[in-house]
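To start, the structure itself, in structure tokens.
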Amino acid sequence: MAIQIQGNGGTVAEVDGTTFRALRVTVRPLNYGSLGAYNLGMTTGTMAAALGANAEIFQFRWAEATNLAVVYRVKISIGQQLAATGALAISLNMAIARGWSAAGSGGLRAVLTGNINKLRTSMGTSLVNDAGISTTAALTAGTKTIDHATSNIGSVAFGVGTGAITTQTNMSLLPDTDLFNAVNGAEHPIVFVQNEGFIIRNSPVAWPATVTWVGSVNVSWAEAAAF
């Protein structure tokens, strides 16, 4: 016996084709209600040579008490400006922080007022408390507890060589790379409650002397009352 499925407005669900009779569905974003969905892209200044071990270069803090921040994607890319005097393999790492009672400082802090970074004008202004990226050096940590000193939720490793960059047509140290990606719906996004967030930090090894670089970070998230 056939069973009909009705939607909220009373419309009966449709099926496609004559072989499999697959149910028609439309994939939708998270139901954000009066809140919204957002994307933030930030770029460093020229980062000074020999960036220290575990230096924080990006911070994203959620301090709102009632709602949730649902992070779907975090990407990073780096372009080189000056060659290194010694080759080295390093990494950049994304780690979750909790108990984040005071925001970090330094660098460039994001402005998220009004319509900035909304994916639709009618969405609410973002409730993100603070986001910031380095300009030339490490950010000040603020007050928080990182989940683990060396374990991260996302990592990317790459090498820095000593070749003359003036002869290169592409001076990318790190092409646009996911540190976290849950956009297809099969993976669980990161869900932040009050005083949680994430950082991007240098590896436990300092950058090589003389090499300078510029990096970009992109974050996609939604804000909702429930998930």
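Identifiers in the structure tokens: chain A, B, ... in order shown; residue index from 1 per chain; ligand index from 1 in order shown.
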
Could you list, with a cut-off of 7 Å and counting only C-alpha atoms, the residues of range 109-193 of chain A near range 37-59 of chain A, each shown with its nearest atom pair and the distance in Å rounded to one decimal, rows sorted by chain and ascending number, as CSV?
```
residue,atom,partner,partner_atom,distance
A:Asn117,CA,A:Tyr38,CA,5.4
A:Lys118,CA,A:Tyr38,CA,4.7
A:Leu119,CA,A:Tyr38,CA,5.4
A:Ala131,CA,A:Gln59,CA,5.3
A:Gly132,CA,A:Gln59,CA,5.3
A:Ile133,CA,A:Phe58,CA,4.4
A:Ser134,CA,A:Ile57,CA,5.0
A:Thr135,CA,A:Gly45,CA,4.1
A:Thr136,CA,A:Met47,CA,4.2
A:Ala137,CA,A:Met47,CA,6.0
A:Ala138,CA,A:Ala55,CA,5.2
A:Leu139,CA,A:Glu56,CA,5.5
```

Emit the selected residues as a JSON list (two decimals), in the first residue's frame, including C-alpha atoms.
```
[["chain", "number", "residue", "atom", "x", "y", "z"],
["A", 117, "ASN", "CA", 29.75, 39.20, 6.35],
["A", 118, "LYS", "CA", 26.06, 38.20, 6.16],
["A", 119, "LEU", "CA", 25.05, 35.86, 3.36],
["A", 131, "ALA", "CA", 37.82, 37.30, 15.50],
["A", 132, "GLY", "CA", 41.31, 38.47, 14.66],
["A", 133, "ILE", "CA", 44.33, 37.79, 12.48],
["A", 134, "SER", "CA", 48.01, 38.65, 12.86],
["A", 135, "THR", "CA", 49.47, 41.65, 11.10],
["A", 136, "THR", "CA", 53.19, 41.06, 11.67],
["A", 137, "ALA", "CA", 53.54, 38.88, 14.76],
["A", 138, "ALA", "CA", 51.71, 36.50, 17.11],
["A", 139, "LEU", "CA", 48.38, 37.48, 18.66]]
```

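Shell of Arg28 in chain A at 12 Å, with only C-alpha atoms counted and residues fewer than 3 places along the chain excluded, is Val25, Asn31, Tyr32, Val183, Asn184 and Gly185 of chain A.
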
Selection above as a file: N, CA and C atoms, as a PDB file, in the first residue's frame:
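Result file is again-v6.pdb:
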```pdb
ATOM      1  N   VAL A  25      13.879  15.667  -3.121  1.00  0.00           N
ATOM      2  CA  VAL A  25      14.257  16.434  -1.935  1.00  0.00           C
ATOM      3  C   VAL A  25      15.047  17.665  -2.370  1.00  0.00           C
ATOM      4  N   ASN A  31      18.505  25.683   9.627  1.00  0.00           N
ATOM      5  CA  ASN A  31      17.421  26.614   9.934  1.00  0.00           C
ATOM      6  C   ASN A  31      17.908  27.598  10.993  1.00  0.00           C
ATOM      7  N   TYR A  32      18.313  28.780  10.550  1.00  0.00           N
ATOM      8  CA  TYR A  32      18.929  29.746  11.459  1.00  0.00           C
ATOM      9  C   TYR A  32      17.926  30.682  12.123  1.00  0.00           C
ATOM     10  N   VAL A 183      31.058  20.807   4.916  1.00  0.00           N
ATOM     11  CA  VAL A 183      30.028  21.488   4.134  1.00  0.00           C
ATOM     12  C   VAL A 183      29.079  20.540   3.409  1.00  0.00           C
ATOM     13  N   ASN A 184      29.461  19.279   3.194  1.00  0.00           N
ATOM     14  CA  ASN A 184      28.579  18.405   2.414  1.00  0.00           C
ATOM     15  C   ASN A 184      27.499  17.735   3.259  1.00  0.00           C
ATOM     16  N   GLY A 185      27.501  17.972   4.556  1.00  0.00           N
ATOM     17  CA  GLY A 185      26.445  17.449   5.418  1.00  0.00           C
ATOM     18  C   GLY A 185      26.687  16.056   5.954  1.00  0.00           C
TER      19      GLY A 185
END
```

Please identify all polymer residues within 8 Å of Pro208 in chain A, counting only C-alpha atoms, omitting same-chain residues fewer than 2 positions from it, and present them as a PDB file with all heavy atoms, in the first residue's frame.
```
ATOM      1  N   ALA A  49      59.910  37.491   9.958  1.00  0.00           N
ATOM      2  CA  ALA A  49      60.665  36.238   9.878  1.00  0.00           C
ATOM      3  C   ALA A  49      60.755  35.565  11.243  1.00  0.00           C
ATOM      4  O   ALA A  49      60.632  36.209  12.282  1.00  0.00           O
ATOM      5  CB  ALA A  49      62.062  36.519   9.346  1.00  0.00           C
ATOM      6  N   ALA A  50      60.941  34.263  11.207  1.00  0.00           N
ATOM      7  CA  ALA A  50      61.163  33.453  12.415  1.00  0.00           C
ATOM      8  C   ALA A  50      59.980  33.512  13.378  1.00  0.00           C
ATOM      9  O   ALA A  50      60.165  33.624  14.606  1.00  0.00           O
ATOM     10  CB  ALA A  50      62.456  33.860  13.114  1.00  0.00           C
ATOM     11  N   LEU A  51      58.760  33.429  12.858  1.00  0.00           N
ATOM     12  CA  LEU A  51      57.578  33.370  13.720  1.00  0.00           C
ATOM     13  C   LEU A  51      57.751  32.249  14.732  1.00  0.00           C
ATOM     14  O   LEU A  51      58.113  31.135  14.395  1.00  0.00           O
ATOM     15  CB  LEU A  51      56.326  33.120  12.876  1.00  0.00           C
ATOM     16  CG  LEU A  51      55.003  33.012  13.635  1.00  0.00           C
ATOM     17  CD1 LEU A  51      54.614  34.364  14.227  1.00  0.00           C
ATOM     18  CD2 LEU A  51      53.900  32.499  12.714  1.00  0.00           C
ATOM     19  N   ALA A  84      63.909  31.758   2.476  1.00  0.00           N
ATOM     20  CA  ALA A  84      64.540  31.365   3.728  1.00  0.00           C
ATOM     21  C   ALA A  84      66.030  31.099   3.519  1.00  0.00           C
ATOM     22  O   ALA A  84      66.467  30.740   2.427  1.00  0.00           O
ATOM     23  CB  ALA A  84      63.872  30.100   4.272  1.00  0.00           C
ATOM     24  N   THR A  85      66.808  31.283   4.579  1.00  0.00           N
ATOM     25  CA  THR A  85      68.223  30.946   4.511  1.00  0.00           C
ATOM     26  C   THR A  85      68.464  29.466   4.766  1.00  0.00           C
ATOM     27  O   THR A  85      69.532  28.945   4.460  1.00  0.00           O
ATOM     28  CB  THR A  85      69.010  31.765   5.539  1.00  0.00           C
ATOM     29  OG1 THR A  85      68.433  31.564   6.838  1.00  0.00           O
ATOM     30  CG2 THR A  85      68.955  33.244   5.197  1.00  0.00           C
ATOM     31  N   GLY A  86      67.468  28.797   5.342  1.00  0.00           N
ATOM     32  CA  GLY A  86      67.574  27.364   5.588  1.00  0.00           C
ATOM     33  C   GLY A  86      66.235  26.689   5.381  1.00  0.00           C
ATOM     34  O   GLY A  86      65.202  27.201   5.823  1.00  0.00           O
ATOM     35  N   ALA A  87      66.231  25.561   4.687  1.00  0.00           N
ATOM     36  CA  ALA A  87      64.984  24.846   4.416  1.00  0.00           C
ATOM     37  C   ALA A  87      64.431  24.230   5.695  1.00  0.00           C
ATOM     38  O   ALA A  87      65.185  23.844   6.597  1.00  0.00           O
ATOM     39  CB  ALA A  87      65.230  23.761   3.375  1.00  0.00           C
ATOM     40  N   LEU A  88      63.105  24.138   5.765  1.00  0.00           N
ATOM     41  CA  LEU A  88      62.483  23.587   6.966  1.00  0.00           C
ATOM     42  C   LEU A  88      61.071  23.127   6.646  1.00  0.00           C
ATOM     43  O   LEU A  88      60.357  23.757   5.858  1.00  0.00           O
ATOM     44  CB  LEU A  88      62.432  24.646   8.077  1.00  0.00           C
ATOM     45  CG  LEU A  88      61.982  24.186   9.460  1.00  0.00           C
ATOM     46  CD1 LEU A  88      63.019  23.243  10.063  1.00  0.00           C
ATOM     47  CD2 LEU A  88      61.759  25.381  10.370  1.00  0.00           C
ATOM     48  N   VAL A 160      59.398  24.762   3.446  1.00  0.00           N
ATOM     49  CA  VAL A 160      59.911  26.061   3.039  1.00  0.00           C
ATOM     50  C   VAL A 160      61.325  25.850   2.523  1.00  0.00           C
ATOM     51  O   VAL A 160      62.193  25.369   3.255  1.00  0.00           O
ATOM     52  CB  VAL A 160      59.909  27.063   4.205  1.00  0.00           C
ATOM     53  CG1 VAL A 160      60.467  28.406   3.755  1.00  0.00           C
ATOM     54  CG2 VAL A 160      58.504  27.227   4.766  1.00  0.00           C
ATOM     55  N   ALA A 206      59.681  26.970  15.172  1.00  0.00           N
ATOM     56  CA  ALA A 206      59.654  28.332  14.638  1.00  0.00           C
ATOM     57  C   ALA A 206      59.893  28.335  13.132  1.00  0.00           C
ATOM     58  O   ALA A 206      60.545  27.440  12.585  1.00  0.00           O
ATOM     59  CB  ALA A 206      60.719  29.184  15.337  1.00  0.00           C
ATOM     60  N   THR A 210      64.593  34.802   8.066  1.00  0.00           N
ATOM     61  CA  THR A 210      64.498  35.657   6.869  1.00  0.00           C
ATOM     62  C   THR A 210      63.214  35.478   6.074  1.00  0.00           C
ATOM     63  O   THR A 210      62.790  36.420   5.408  1.00  0.00           O
ATOM     64  CB  THR A 210      65.696  35.486   5.896  1.00  0.00           C
ATOM     65  OG1 THR A 210      65.602  34.223   5.218  1.00  0.00           O
ATOM     66  CG2 THR A 210      67.023  35.602   6.628  1.00  0.00           C
ATOM     67  N   VAL A 211      62.575  34.313   6.100  1.00  0.00           N
ATOM     68  CA  VAL A 211      61.378  34.133   5.278  1.00  0.00           C
ATOM     69  C   VAL A 211      60.226  34.973   5.841  1.00  0.00           C
ATOM     70  O   VAL A 211      59.947  34.950   7.034  1.00  0.00           O
ATOM     71  CB  VAL A 211      60.966  32.651   5.168  1.00  0.00           C
ATOM     72  CG1 VAL A 211      60.574  32.057   6.506  1.00  0.00           C
ATOM     73  CG2 VAL A 211      59.831  32.489   4.172  1.00  0.00           C
TER      74      VAL A 211
END
```

Give me the residues within 6 Å of range 93-108 of chain A as a CSV table (one decimal) with N, CA, C and O atoms, in the first residue's frame, counting only C-alpha atoms and dropping any in the same chain fewer than 4 places off.
```csv
chain,number,residue,atom,x,y,z
A,132,GLY,N,40.2,37.6,15.0
A,132,GLY,CA,41.3,38.5,14.7
A,132,GLY,C,42.4,37.7,14.0
A,132,GLY,O,42.5,36.5,14.1
A,133,ILE,N,43.2,38.4,13.2
A,133,ILE,CA,44.3,37.8,12.5
A,133,ILE,C,45.6,38.6,12.7
A,133,ILE,O,45.5,39.8,12.9
A,134,SER,N,46.7,38.0,12.7
A,134,SER,CA,48.0,38.6,12.9
A,134,SER,C,48.3,39.7,11.8
A,134,SER,O,47.8,39.5,10.6
A,135,THR,N,49.0,40.7,12.1
A,135,THR,CA,49.5,41.7,11.1
A,135,THR,C,51.0,41.4,10.8
A,135,THR,O,51.3,41.3,9.7
A,139,LEU,N,49.4,36.8,17.9
A,139,LEU,CA,48.4,37.5,18.7
A,139,LEU,C,48.6,37.2,20.1
A,139,LEU,O,49.1,36.2,20.5
A,140,THR,N,48.0,38.1,21.0
A,140,THR,CA,48.0,37.9,22.4
A,140,THR,C,46.9,36.9,22.7
A,140,THR,O,45.8,37.0,22.2
A,141,ALA,N,47.2,35.9,23.6
A,141,ALA,CA,46.3,34.7,23.7
A,141,ALA,C,45.0,35.0,24.3
A,141,ALA,O,44.0,34.3,24.0
A,142,GLY,N,44.8,36.0,25.2
A,142,GLY,CA,43.6,36.2,26.0
A,142,GLY,C,43.6,35.1,27.1
A,142,GLY,O,44.6,34.6,27.5
A,143,THR,N,42.4,34.8,27.6
A,143,THR,CA,42.2,33.8,28.7
A,143,THR,C,41.4,32.7,28.2
A,143,THR,O,40.2,32.8,28.0
A,144,LYS,N,42.0,31.5,28.0
A,144,LYS,CA,41.3,30.4,27.5
A,144,LYS,C,42.1,29.1,27.7
A,144,LYS,O,43.3,29.2,28.1
A,145,THR,N,41.5,28.0,27.5
A,145,THR,CA,42.2,26.7,27.6
A,145,THR,C,42.1,26.0,26.3
A,145,THR,O,41.0,25.6,25.8
A,146,ILE,N,43.3,25.8,25.6
A,146,ILE,CA,43.3,25.0,24.4
A,146,ILE,C,43.2,23.5,24.7
A,146,ILE,O,43.8,23.1,25.7
A,147,ASP,N,42.4,22.8,23.9
A,147,ASP,CA,42.2,21.4,24.2
A,147,ASP,C,43.4,20.6,24.6
A,147,ASP,O,43.5,19.8,25.5
A,152,ASN,N,45.5,18.6,17.6
A,152,ASN,CA,44.7,19.7,16.9
A,152,ASN,C,43.5,19.1,16.2
A,152,ASN,O,43.5,17.9,16.0
A,153,ILE,N,42.6,19.9,15.8
A,153,ILE,CA,41.4,19.4,15.1
A,153,ILE,C,41.6,19.5,13.6
A,153,ILE,O,40.9,18.9,12.8
A,154,GLY,N,42.7,20.2,13.2
A,154,GLY,CA,43.1,20.2,11.8
A,154,GLY,C,44.5,20.7,11.7
A,154,GLY,O,44.9,21.6,12.4
A,155,SER,N,45.2,20.1,10.7
A,155,SER,CA,46.6,20.4,10.6
A,155,SER,C,47.0,20.3,9.1
A,155,SER,O,46.5,19.5,8.4
A,195,ASN,N,31.7,31.0,25.3
A,195,ASN,CA,33.1,31.0,25.6
A,195,ASN,C,33.9,29.9,25.0
A,195,ASN,O,34.8,29.3,25.7
A,196,GLU,N,33.6,29.5,23.8
A,196,GLU,CA,34.3,28.5,23.1
A,196,GLU,C,34.7,29.1,21.7
A,196,GLU,O,34.2,30.1,21.3
A,197,GLY,N,35.7,28.5,21.1
A,197,GLY,CA,36.1,29.0,19.8
A,197,GLY,C,37.3,28.2,19.3
A,197,GLY,O,37.6,27.1,19.8
A,198,PHE,N,38.0,28.7,18.3
A,198,PHE,CA,39.2,28.0,17.8
A,198,PHE,C,40.3,29.0,17.5
A,198,PHE,O,40.0,30.2,17.3
A,199,ILE,N,41.5,28.5,17.4
A,199,ILE,CA,42.6,29.3,17.0
A,199,ILE,C,43.3,28.6,15.8
A,199,ILE,O,43.2,27.4,15.6
A,200,ILE,N,44.1,29.3,15.1
A,200,ILE,CA,45.1,28.7,14.2
A,200,ILE,C,46.5,29.1,14.7
A,200,ILE,O,46.7,30.3,14.9
A,201,ARG,N,47.3,28.2,14.9
A,201,ARG,CA,48.6,28.4,15.5
A,201,ARG,C,49.8,27.8,14.7
A,201,ARG,O,49.6,26.9,13.9
```

Write out as a PyMOL selection string the residues lying within 12 Å of Leu35 in chain A, counting only C-alpha atoms and excluding same-chain residues fewer than 6 positions away. chain A and resi 66-70+118-128+221-226

Skipping near chain neighbours, those fewer than 2 positions away, what residues fall within 7 Å of Asn129 in chain A using only C-alpha atoms, listed as a ChimeraX atom specification? /A:61-63,127

For Gly159 in chain A, the nearest of the candidates A:Ala89, A:Val214, A:Ala110, A:Val27, counting only C-alpha atoms: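 Checking each of A:Ala89, A:Val214, A:Ala110, A:Val27 against Gly159 in chain A, counting only C-alpha atoms, the winner is A:Ala89.
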
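Nearest residue to Ser216 in chain A among A:Thr19, A:Thr177, A:Gln6, A:Thr26 is A:Thr177, counting only C-alpha atoms.
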
Between CA of Phe158 in chain A and CA of Ile78 in chain A, measure the distance and give it in Å to one decimal.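 Here the two named atoms are 10.5 Å from each other.
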